[in-house]
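Chemist: Sharing work.txt here; it has compact mmCIF, C-alpha atoms.
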# COMPACT_ATOMS: atom_id res chain seq x y z
CA MET A 252 51.72 -35.82 -31.44
CA LEU A 253 53.10 -37.87 -28.68
CA ASN A 254 55.80 -35.45 -27.65
CA ALA A 255 53.74 -32.24 -27.75
CA PRO A 256 53.33 -30.72 -24.28
CA HIS A 257 49.67 -30.84 -23.20
CA PRO A 258 48.06 -27.63 -22.05
CA ASP A 259 47.18 -27.31 -18.40
CA ASP A 260 43.96 -29.23 -17.56
CA GLU A 261 42.39 -26.06 -16.19
CA ARG A 262 42.87 -24.46 -19.60
CA LEU A 263 41.18 -27.44 -21.20
CA SER A 264 38.36 -27.16 -18.65
CA ALA A 265 37.97 -23.51 -19.57
CA LEU A 266 37.75 -24.45 -23.23
CA ALA A 267 35.19 -27.18 -22.53
CA PHE A 268 33.05 -24.74 -20.56
CA THR A 269 33.31 -22.20 -23.40
CA ASP A 270 35.27 -19.50 -21.60
CA HIS A 271 35.83 -16.68 -24.05
CA ASP A 272 39.53 -16.29 -23.40
CA ALA A 273 40.12 -20.04 -23.85
CA ILE A 274 38.19 -20.10 -27.13
CA ALA A 275 40.25 -17.14 -28.33
CA ASP A 276 43.51 -18.91 -27.45
CA ALA A 277 44.68 -20.15 -30.90
CA ALA A 278 47.52 -22.27 -29.53
CA LEU A 279 45.16 -24.05 -27.18
CA THR A 280 42.49 -24.79 -29.78
CA SER A 281 45.02 -25.92 -32.38
CA HIS A 282 46.57 -28.32 -29.90
CA VAL A 283 43.25 -29.80 -28.90
CA ALA A 284 42.34 -30.25 -32.56
CA THR A 285 45.37 -32.50 -33.05
CA CYS A 286 45.63 -34.25 -29.65
CA THR A 287 43.41 -37.25 -28.93
CA ARG A 288 43.99 -37.14 -25.21
CA CYS A 289 43.06 -33.48 -24.91
CA THR A 290 40.13 -33.85 -27.30
CA ASP A 291 38.68 -36.65 -25.16
CA LEU A 292 39.14 -34.62 -22.03
CA VAL A 293 37.44 -31.59 -23.55
CA ASN A 294 34.57 -33.76 -24.80
CA GLU A 295 34.08 -35.39 -21.41
CA LEU A 296 34.11 -32.07 -19.67
CA GLY A 297 31.68 -30.73 -22.27
CA ALA A 298 29.28 -33.58 -21.50
CA LEU A 299 29.69 -32.87 -17.80
CA ARG A 300 28.87 -29.20 -18.42
CA ALA A 301 25.66 -30.12 -20.24
CA SER A 302 24.61 -32.51 -17.49
CA LEU A 303 25.28 -30.00 -14.72
CA ALA A 304 23.19 -27.39 -16.52
CA GLU A 305 20.32 -29.90 -16.80
CA LEU A 306 20.16 -30.92 -13.16
CA PRO A 307 16.50 -30.71 -12.20
CA ASP A 308 14.90 -28.71 -9.43
CA LEU A 309 14.31 -30.66 -6.23
CA GLN A 310 11.26 -30.92 -4.07
CA PRO A 311 11.73 -29.90 -0.41
CA SER A 312 12.08 -32.68 2.13
CA ARG A 313 9.36 -31.08 4.26
CA PRO A 314 6.61 -28.54 3.69
CA LEU A 315 7.96 -25.01 3.79
CA ARG A 316 6.32 -21.88 5.12
CA LEU A 317 5.81 -19.70 2.11
CA LEU A 318 5.24 -16.55 4.18
CA PRO A 319 7.37 -15.27 7.07
CA PRO A 320 6.03 -15.84 10.59
CA GLY A 321 3.52 -13.12 11.42
CA ALA A 322 2.78 -12.33 7.81
CA ASP A 323 -0.12 -14.81 7.86
CA ALA A 324 -2.19 -12.51 10.03
CA PRO A 325 -4.64 -10.24 8.27
CA VAL A 326 -2.79 -7.13 7.29
CA ALA A 327 -4.39 -3.89 6.30
CA THR A 328 -2.32 -2.59 3.45
CA GLY A 329 -4.96 -0.62 1.59
CA ALA A 330 -5.56 3.08 1.59
CA GLY A 331 -8.40 2.55 4.09
CA THR A 332 -5.99 2.27 6.98
CA ALA A 333 -2.97 4.05 5.55
CA TRP A 334 -4.00 7.15 7.44
CA VAL A 335 -3.62 5.26 10.71
CA ARG A 336 0.05 4.57 10.00
CA ARG A 337 0.55 8.12 8.71
CA LEU A 338 -0.97 9.77 11.78
CA PHE A 339 0.45 7.40 14.37
CA ALA A 340 3.77 9.14 14.96
CA PRO A 341 2.36 12.71 15.06
CA ALA A 342 -0.43 11.64 17.41
CA LEU A 343 2.00 9.88 19.69
CA THR A 344 4.30 12.91 19.72
CA ALA A 345 1.46 15.31 20.44
CA GLY A 346 0.16 13.07 23.23
CA ALA A 347 3.61 12.85 24.80
CA ALA A 348 4.02 16.64 24.62
CA LEU A 349 0.60 17.21 26.19
CA ALA A 350 1.31 14.72 28.94
CA MET A 351 4.65 16.35 29.68
CA VAL A 352 3.11 19.83 29.89
CA GLY A 353 0.31 18.51 32.08
CA LEU A 354 2.77 16.72 34.32
CA ILE A 355 4.89 19.83 34.78
CA GLY A 356 1.80 21.99 35.39
CA THR A 357 0.46 19.53 37.94
CA ALA A 358 3.73 19.07 39.73
CA THR A 359 4.75 22.75 39.98
CA PRO A 360 2.27 23.85 42.74
CA VAL A 361 3.10 20.77 44.74
CA LEU A 362 6.79 21.53 44.50
CA ASN A 363 6.18 25.20 45.36
CA GLY A 364 4.15 24.14 48.39
CA ALA A 365 6.96 21.95 49.56
CA ALA A 366 9.39 24.83 49.09
CA GLY A 367 7.09 27.19 51.07
CA GLY A 368 6.87 24.70 53.91
CA ALA A 369 10.62 24.44 53.98
CA ALA A 370 10.95 28.27 54.23
CA THR A 371 8.47 28.39 57.15
CA GLY A 372 10.41 25.75 58.95
CA MET A 373 13.56 27.79 58.55
CA PHE A 374 11.83 30.84 60.10
CA GLU A 375 10.56 28.85 63.03
CA ASN A 376 13.99 27.51 63.70
CA ALA A 377 15.68 30.91 63.49
CA GLY A 378 13.30 33.17 65.40
CA GLU A 379 11.65 33.28 68.81
CA PRO A 380 8.69 31.05 69.53
CA GLN A 381 5.62 32.51 67.89
CA GLN A 382 1.94 32.18 68.59
CA GLY A 383 -0.24 31.11 65.73
CA GLY A 384 0.43 28.95 62.73
CA GLY A 385 2.49 29.17 59.61
CA ASP A 386 0.35 31.94 58.11
CA ALA A 387 0.98 34.15 61.13
CA ASN A 388 4.65 33.53 60.75
CA TYR A 389 4.46 34.50 57.08
CA GLU A 390 2.66 37.75 57.98
CA ALA A 391 5.25 38.49 60.61
CA LEU A 392 7.96 38.06 58.02
CA SER A 393 6.28 40.38 55.55
CA SER A 394 5.49 43.03 58.13
CA THR A 395 9.05 43.57 59.20
CA GLY A 396 9.71 47.30 59.24
CA ASP A 397 12.14 49.17 57.08
CA ASP A 398 14.36 49.81 60.03
CA GLY A 399 14.80 46.13 60.49
CA ALA A 400 12.91 46.11 63.83
CA PRO A 401 10.49 43.26 64.05
CA ALA A 402 6.83 44.23 63.97
CA GLU A 403 4.55 43.53 66.85
CA ALA A 404 4.03 39.84 67.38
CA PRO A 405 0.94 38.68 65.47
CA GLY A 406 -0.26 36.86 68.55
CA ALA A 407 -0.77 40.16 70.30
CA GLU A 408 -2.67 41.53 67.33
CA LEU A 409 -4.88 38.48 67.29
CA GLY A 410 -5.67 39.02 70.98
CA ARG A 411 -6.67 42.62 70.30
CA ASP A 412 -8.91 41.55 67.42
CA LEU A 413 -10.67 39.02 69.62
CA SER A 414 -11.30 41.52 72.45
CA SER A 415 -12.67 44.20 70.09
CA ALA A 416 -14.90 41.63 68.45
CA ALA A 417 -16.29 40.68 71.84
CA ALA A 418 -16.99 44.37 72.57
CA ARG A 419 -18.81 44.78 69.26
CA ALA A 420 -20.92 41.66 69.64
CA PRO A 421 -23.82 43.10 71.78
CA GLU A 422 -24.25 46.08 69.40
CA GLU A 423 -24.38 43.85 66.32
CA ALA A 424 -26.80 41.50 68.03
CA ALA A 425 -29.12 44.43 68.78
CA ALA A 426 -28.88 45.66 65.22
CA SER A 427 -29.74 42.26 63.82
CA GLU A 428 -32.82 42.02 66.09
CA ALA A 429 -34.11 45.46 65.00
CA PRO A 430 -36.70 45.38 62.18
CA LEU A 431 -35.23 46.15 58.82
CA GLN A 432 -36.12 49.60 57.64
CA PRO A 433 -35.87 49.93 53.86
CA ASP A 434 -35.51 53.68 54.22
CA ALA A 435 -32.52 53.15 56.44
CA ILE A 436 -30.43 51.92 53.46
CA THR A 437 -29.24 55.05 51.91
CA ASP A 438 -27.65 55.55 48.49
CA GLU A 439 -24.42 56.23 50.27
CA ASP A 440 -24.56 52.78 51.87
CA GLN A 441 -25.15 51.13 48.51
CA ALA A 442 -22.29 53.02 46.94
CA ARG A 443 -20.00 52.07 49.80
CA ALA A 444 -21.08 48.44 49.48
CA SER A 445 -20.34 48.40 45.79
CA ARG A 446 -16.88 49.94 46.35
CA GLN A 447 -15.95 47.51 49.11
CA PRO A 448 -13.72 44.78 47.78
CA THR A 449 -14.68 41.27 48.76
CA ALA A 450 -12.92 38.01 48.41
CA SER A 451 -15.89 36.65 46.53
CA GLY A 452 -15.62 39.24 43.77
CA GLY A 453 -18.63 41.15 44.88
CA ASP A 454 -21.26 38.42 44.39
CA GLY A 455 -22.21 38.50 48.03
CA ARG A 456 -20.79 35.08 48.95
CA LEU A 457 -17.95 34.43 51.31
CA ALA A 458 -14.70 33.09 49.84
CA SER A 459 -15.11 29.89 51.84
CA GLU A 460 -18.43 29.26 50.11
CA LEU A 461 -16.93 29.43 46.59
CA PRO A 462 -15.85 26.23 44.91
CA ALA A 463 -12.08 25.93 44.88
CA GLU A 464 -10.51 26.94 41.54
CA ARG A 465 -9.69 23.74 39.65
CA SER A 466 -6.29 23.46 38.04
CA PRO A 467 -6.43 22.53 34.32
CA TRP A 468 -3.09 20.68 34.36
CA PRO A 469 -4.35 17.27 35.46
CA MET A 470 -6.84 17.38 32.61
CA VAL A 471 -4.03 18.24 30.19
CA LEU A 472 -2.00 15.34 31.55
CA PHE A 473 -4.96 13.00 31.20
CA ALA A 474 -5.65 14.18 27.64
CA GLY A 475 -2.02 13.55 26.63
CA VAL A 476 -1.98 10.05 28.04
CA ALA A 477 -5.36 9.30 26.47
CA LEU A 478 -4.11 10.50 23.08
CA MET A 479 -1.05 8.26 23.26
CA VAL A 480 -3.01 5.20 24.37
CA GLY A 481 -5.70 5.83 21.76
CA ALA A 482 -3.19 6.18 18.95
CA ALA A 483 -1.39 3.01 19.98
CA LEU A 484 -4.62 1.04 20.22
CA LEU A 485 -5.87 2.27 16.87
CA ARG A 486 -2.59 1.39 15.23
CA TRP A 487 -2.50 -2.04 16.86
CA ILE A 488 -6.06 -2.88 15.86
CA LEU A 489 -6.24 -1.42 12.37
CA ALA A 490 -2.70 -1.53 11.01
CA PRO A 491 -0.57 -4.00 12.91
CA ARG A 492 2.17 -4.43 10.29
CA ALA A 493 4.97 -1.89 10.37
CA GLY A 494 4.60 0.17 7.26
CA MET B 61 23.21 -16.11 -14.25
CA SER B 62 22.50 -17.77 -17.55
CA ASP B 63 18.84 -17.74 -16.57
CA ASP B 64 18.96 -14.01 -17.24
CA SER B 65 18.71 -14.79 -20.93
CA GLY B 66 15.09 -15.67 -20.26
CA THR B 67 15.44 -19.30 -21.30
CA THR B 68 15.02 -21.92 -18.61
CA PRO B 69 17.02 -25.14 -18.80
CA ARG B 70 15.11 -28.34 -19.20
CA ASN B 71 13.91 -29.83 -15.90
CA ARG B 72 13.93 -26.37 -14.32
CA THR B 73 10.81 -24.53 -13.26
CA PRO B 74 9.63 -22.26 -16.09
CA PRO B 75 8.22 -18.80 -15.32
CA LEU B 76 4.55 -18.47 -14.42
CA PRO B 77 2.35 -17.63 -17.41
CA ASP B 78 1.38 -14.23 -16.00
CA GLU B 79 4.44 -13.80 -13.83
CA ALA B 80 4.88 -10.04 -14.24
CA ALA B 81 1.35 -9.40 -13.00
CA VAL B 82 1.76 -11.78 -10.07
CA ILE B 83 5.05 -10.10 -9.10
CA ALA B 84 3.41 -6.68 -9.27
CA ARG B 85 0.60 -7.83 -6.99
CA ALA B 86 3.06 -9.40 -4.56
CA ALA B 87 5.15 -6.22 -4.53
CA GLY B 88 1.97 -4.31 -3.67
CA GLY B 89 1.42 -6.42 -0.54
CA ASP B 90 -0.77 -9.19 -1.94
CA ARG B 91 0.21 -12.20 0.18
CA THR B 92 -1.66 -14.63 -2.03
CA ALA B 93 0.41 -13.55 -5.01
CA PHE B 94 3.63 -13.85 -3.00
CA THR B 95 2.62 -17.33 -1.84
CA GLN B 96 1.93 -18.31 -5.44
CA LEU B 97 5.42 -17.22 -6.49
CA MET B 98 7.17 -19.02 -3.63
CA GLU B 99 5.13 -22.16 -4.18
CA HIS B 100 6.07 -22.13 -7.84
CA TYR B 101 9.81 -21.63 -7.25
CA GLN B 102 10.32 -23.52 -4.01
CA GLY B 103 11.75 -26.52 -5.90
CA ALA B 104 14.31 -24.31 -7.63
CA CYS B 105 15.31 -22.62 -4.36
CA TYR B 106 15.44 -25.82 -2.39
CA GLY B 107 17.48 -27.53 -5.12
CA LEU B 108 20.10 -24.79 -5.01
CA ALA B 109 20.20 -24.81 -1.21
CA TRP B 110 20.52 -28.59 -1.07
CA ARG B 111 23.35 -28.61 -3.59
CA LEU B 112 25.23 -25.97 -1.65
CA LEU B 113 24.63 -27.44 1.80
CA SER B 114 24.26 -31.18 1.09
CA ASP B 115 21.78 -31.49 3.93
CA ALA B 116 18.00 -31.68 3.71
CA ASP B 117 17.21 -29.85 6.96
CA GLN B 118 19.73 -27.09 6.40
CA ALA B 119 18.53 -26.71 2.82
CA ALA B 120 14.94 -26.33 4.06
CA ASP B 121 16.08 -23.74 6.62
CA ALA B 122 18.04 -21.80 4.01
CA THR B 123 15.07 -21.85 1.62
CA GLN B 124 12.86 -20.60 4.42
CA ASP B 125 15.31 -17.78 5.16
CA ALA B 126 15.37 -16.92 1.48
CA PHE B 127 11.58 -16.61 1.41
CA ILE B 128 11.70 -14.22 4.36
CA HIS B 129 14.33 -12.09 2.62
CA ALA B 130 12.32 -12.18 -0.57
CA TYR B 131 9.16 -11.12 1.26
CA ARG B 132 10.94 -8.08 2.65
CA ALA B 133 12.68 -7.21 -0.60
CA ILE B 134 10.07 -7.92 -3.25
CA GLY B 135 8.96 -4.31 -3.19
CA SER B 136 12.38 -3.36 -4.49
CA PHE B 137 12.40 -5.93 -7.33
CA ARG B 138 13.11 -3.92 -10.47
CA GLY B 139 12.38 -6.33 -13.27
CA GLY B 140 14.64 -8.92 -14.86
CA VAL B 141 14.21 -12.64 -14.42
CA PHE B 142 12.44 -13.28 -11.13
CA ARG B 143 13.80 -16.82 -10.86
CA SER B 144 17.39 -15.51 -11.03
CA TRP B 145 16.63 -12.83 -8.43
CA LEU B 146 15.15 -15.40 -6.08
CA LEU B 147 17.99 -17.86 -6.65
CA ARG B 148 20.54 -15.17 -5.81
CA ILE B 149 18.73 -14.56 -2.51
CA THR B 150 18.67 -18.31 -1.87
CA ALA B 151 22.37 -18.64 -2.65
CA ASN B 152 23.19 -15.84 -0.21
CA ALA B 153 20.99 -17.39 2.49
CA SER B 154 22.60 -20.80 1.95
CA TYR B 155 26.10 -19.37 1.99
CA ASP B 156 25.33 -17.47 5.22
CA LEU B 157 24.07 -20.70 6.78
CA MET B 158 27.18 -22.53 5.60
CA ARG B 159 29.48 -19.93 7.14
CA ARG B 160 27.57 -20.00 10.42
CA ALA B 161 27.84 -23.78 10.51
CA GLN B 162 31.57 -23.61 9.85
CA ARG B 163 32.00 -21.15 12.72
CA ARG B 164 30.23 -23.53 15.11
CA PRO B 165 32.39 -26.59 15.78
CA SER B 166 29.50 -28.15 17.71
CA SER B 167 27.46 -28.50 14.52
CA PRO B 168 29.57 -30.51 12.09
CA LEU B 169 28.93 -30.32 8.39
CA PRO B 170 26.55 -33.03 7.25
CA ASP B 171 27.76 -36.33 5.95
CA PRO B 172 27.34 -36.11 2.18
CA GLU B 173 26.51 -39.80 2.00
CA GLU B 174 23.36 -39.22 4.02
CA GLY B 175 20.24 -37.32 3.26
CA ALA B 176 20.48 -37.42 -0.53
CA PRO B 177 17.15 -36.13 -1.75
CA GLU B 178 14.75 -38.00 -3.89
CA LEU B 179 15.04 -36.72 -7.41
CA PRO B 180 11.72 -35.63 -8.86
CA ASP B 181 9.79 -37.70 -11.29
CA LEU B 182 10.63 -36.28 -14.69
CA GLY B 183 7.42 -37.47 -16.26
CA ALA B 184 9.26 -39.62 -18.76
CA VAL B 185 7.94 -40.00 -22.25
CA ASN B 186 10.66 -42.48 -23.05
CA PRO B 187 11.02 -44.53 -19.87
CA VAL B 188 14.38 -46.08 -20.81
CA ALA B 189 16.03 -42.79 -21.76
CA GLU B 190 14.61 -41.00 -18.75
CA ALA B 191 15.72 -43.77 -16.44
CA THR B 192 19.24 -43.31 -17.79
CA LYS B 193 18.98 -39.58 -17.22
CA SER B 194 17.77 -40.09 -13.69
CA GLU B 195 20.69 -42.39 -13.03
CA LEU B 196 23.06 -39.79 -14.44
CA TYR B 197 21.57 -37.05 -12.27
CA ARG B 198 21.77 -39.23 -9.19
CA HIS B 199 25.46 -39.97 -9.72
CA LEU B 200 26.11 -36.32 -10.45
CA GLU B 201 24.36 -35.20 -7.26
CA VAL B 202 26.35 -37.66 -5.19
CA ALA B 203 29.61 -36.60 -6.86
CA LEU B 204 28.82 -32.96 -6.12
CA THR B 205 28.37 -33.70 -2.43
CA ARG B 206 31.86 -35.25 -2.38
CA LEU B 207 33.58 -32.11 -3.59
CA PRO B 208 35.29 -29.87 -1.04
CA ALA B 209 32.82 -27.17 0.07
CA ASP B 210 34.60 -24.29 -1.66
CA GLN B 211 34.80 -26.16 -4.99
CA ARG B 212 31.22 -27.39 -4.70
CA THR B 213 29.92 -23.90 -4.05
CA ALA B 214 31.77 -22.49 -7.03
CA VAL B 215 30.76 -25.29 -9.41
CA VAL B 216 27.11 -25.26 -8.33
CA LEU B 217 26.75 -21.50 -8.64
CA CYS B 218 28.63 -21.28 -11.93
CA ASP B 219 27.93 -24.52 -13.80
CA VAL B 220 24.55 -25.57 -12.41
CA TYR B 221 22.92 -22.15 -11.95
CA GLY B 222 24.84 -20.17 -14.52
CA MET B 223 26.30 -17.37 -12.41
CA ASP B 224 29.35 -15.75 -13.94
CA TYR B 225 32.73 -15.73 -12.23
CA ASN B 226 32.29 -12.20 -10.88
CA GLU B 227 28.96 -13.03 -9.25
CA VAL B 228 30.43 -16.10 -7.60
CA ALA B 229 33.45 -14.12 -6.40
CA GLU B 230 31.19 -11.44 -4.93
CA MET B 231 28.90 -13.94 -3.25
CA THR B 232 31.70 -15.99 -1.73
CA GLN B 233 33.83 -12.92 -1.01
CA SER B 234 36.76 -14.46 -2.84
CA ALA B 235 39.23 -13.20 -5.43
CA LEU B 236 38.27 -13.75 -9.07
CA GLY B 237 41.36 -15.90 -9.71
CA THR B 238 40.57 -18.04 -6.68
CA VAL B 239 37.04 -18.62 -7.91
CA LYS B 240 38.22 -19.64 -11.40
CA SER B 241 40.74 -22.02 -9.93
CA ARG B 242 38.12 -23.60 -7.63
CA ILE B 243 35.72 -24.04 -10.52
CA HIS B 244 38.28 -25.71 -12.79
CA ARG B 245 39.60 -27.97 -10.06
CA GLY B 246 36.06 -28.87 -9.07
CA ARG B 247 35.15 -29.83 -12.64
CA LEU B 248 38.23 -32.02 -12.99
CA ARG B 249 37.51 -33.64 -9.64
CA LEU B 250 33.92 -34.33 -10.72
CA ARG B 251 35.22 -35.98 -13.85
CA GLU B 252 37.40 -38.27 -11.73
CA LEU B 253 34.53 -39.11 -9.40
CA LEU B 254 32.30 -40.00 -12.35
CA ALA B 255 34.95 -41.95 -14.25
CA GLU B 256 33.26 -45.30 -13.68
CA HIS B 257 29.96 -43.93 -15.01
CA ARG B 258 31.50 -42.29 -18.06
CA GLU B 259 29.12 -44.08 -20.42
CA LEU B 260 26.19 -42.23 -18.86
CA PHE B 261 27.65 -38.90 -20.00
CA THR B 262 29.11 -39.75 -23.33
CA GLY B 263 26.52 -42.30 -24.41
Can the structure in the file be given as structure tokens, please?
Modeler:
Amino acid sequence: MLNAPHPDDERLSALAFTDHDAIADAALTSHVATCTRCTDLVNELGALRASLAELPDLQPSRPLRLLPPGADAPVATGAGTAWVRRLFAPALTAGAALAMVGLIGTATPVLNGAAGGAATGMFENAGEPQQGGGDANYEALSSTGDDGAPAEAPGAELGRDLSSAAARAPEEAAASEAPLQPDAITDEDQARASRQPTASGGDGRLASELPAERSPWPMVLFAGVALMVGAALLRWILAPRAG
Amino acid sequence: MSDDSGTTPRNRTPPLPDEAAVIARAAGGDRTAFTQLMEHYQGACYGLAWRLLSDADQAADATQDAFIHAYRAIGSFRGGVFRSWLLRITANASYDLMRRAQRRPSSPLPDPEEGAPELPDLGAVNPVAEATKSELYRHLEVALTRLPADQRTAVVLCDVYGMDYNEVAEMTQSALGTVKSRIHRGRLRLRELLAEHRELFTG
């Protein structure tokens, strides 16, 4: 069939590589069956197909790492440490929350103190020169009368207190030297003593002798930070691989 | 891939005897089992990477990348032929490497005449016949490296590793018609390149 037009070579390739649509093409297969040139081409391509499918696996030119970097380290994947990964995020969150609360609690009095100092400074700048310190100024502020007239200067009051104390001193000294008479303490005295409010809460000690009240906020801050650090350390030691 | 039928072509790595159990252990985090799988299939992966990239170093890098991807993804392996799954990962890693190399003018594509790998010893029973086969494979490997990259990729994925046209089109992000055309032109070009060794194929 010298004059028969040959099918496109790509169609013959498809036939050689057993493409379904080429096999189903009756015109193509009938031509190949009667054309030596096309039959040879299909046979050659068929042999090529078989050889390509048989190409062997190749050995790497150099040794390959079979595990990703970092995966060689001992990894705890069992249930024994699963709890560490499970609790890590909640512990970290709780620690951060505690630390934040502690930080705010610790910082608030400091900030308030700074604000109080600023208010005192404002008073000192606005008013007349005052005797005494910042506390006296604060008392002067709070003792301003309803009519807007300023109260007596606290310096004057302090002077009066000092002079009356000096007048009372000899009497008190004499009383302290007199022998203590148990009968002299009457029930009325005891009742009055029990009613008298004291800065120490009635335990007989002066306020200056009491230990200063400790703020809990630094401890809260410390506990939060410790919780975060502890959780991170535990996670790093026991379950280093991200789960 | 034709490997999905469960039969492995001659000269290709067969599945491990207890492969399903090894895969299950590897998926559960057993690194020894994962290492066993990669060791068993590294020749298959490297062979695919070398045929796509025609460079020993790049093929080793691509195989290494494929192992990393496989390590991360083995937990999601849902059955089927493991070899085909791993080869798909390797093909993607190799194709990514190829595209990166093409985007970098400073790193030219390797000279296909250099770095041809040593073909493995086939353990010949009939030394004469196996020597002929080895010669055929060597010529075929060299001819593959001389194909244009797009035709080589399509022929290797389809005709050497048995992916269907749709898989090749998806992997190379090309139209189905383009892939078919590349494959047919690549086959015809291979035939031309091997014309002087025709007796090795037809004999």
Chemist: Could you list the residues in chain A lying within 7 Å of chain B, using only C-alpha atoms, and format the result as a ChimeraX atom specification?
Modeler: /A:261,264,295,298-300,303-312,315-319,328
Chemist: Tell me, as a list in words, which residues lie within 10 Å of Pro469 in chain A, counting all atoms listed in the file; anything in the same chain fewer than 2 positions away does not count.
Modeler: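 My reading of the contact set: Ala350, Val352, Gly353, Leu354, Ile355, Gly356, Thr357, Ala358, Arg465, Ser466, Pro467, Val471, Leu472, Phe473, Ala474 and Gly475 of chain A.
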Chemist: Between CA of Val293 in chain A and CA of His257 in chain A, what is the distance in Å, rounded to a tenth?
Modeler: 12.3 Å
Chemist: Put a box with edges along x, y and z around all the listed atoms of range 232-242 of chain B, pad it by 4 Å on each side, then give me its centre and sizes in Å, one decimal, as JSON.
Modeler:
{"center_x": 36.5, "center_y": -18.3, "center_z": -6.2, "size_x": 17.7, "size_y": 18.7, "size_z": 18.4}
Chemist: Have a look at CA of Thr238 in chain B and CA of Leu207 in chain B and let me know their distance in Å, one decimal.
Modeler: 16.0 Å
Chemist: Give the answer as one residue: which of B:Ala214, B:Ile134, B:Ala87, B:Met231 has the shortest atom-to-atom distance to Arg148 in chain B, using all atoms listed in the file?
Modeler: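 Closest residue, counting all atoms listed in the file: B:Met231.
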Chemist: Can you work out the spacing between CA of Leu296 in chain A and CA of Ser114 in chain B in Å, to one decimal?
Modeler: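 That distance, rounded to one decimal, is 23.0 Å.
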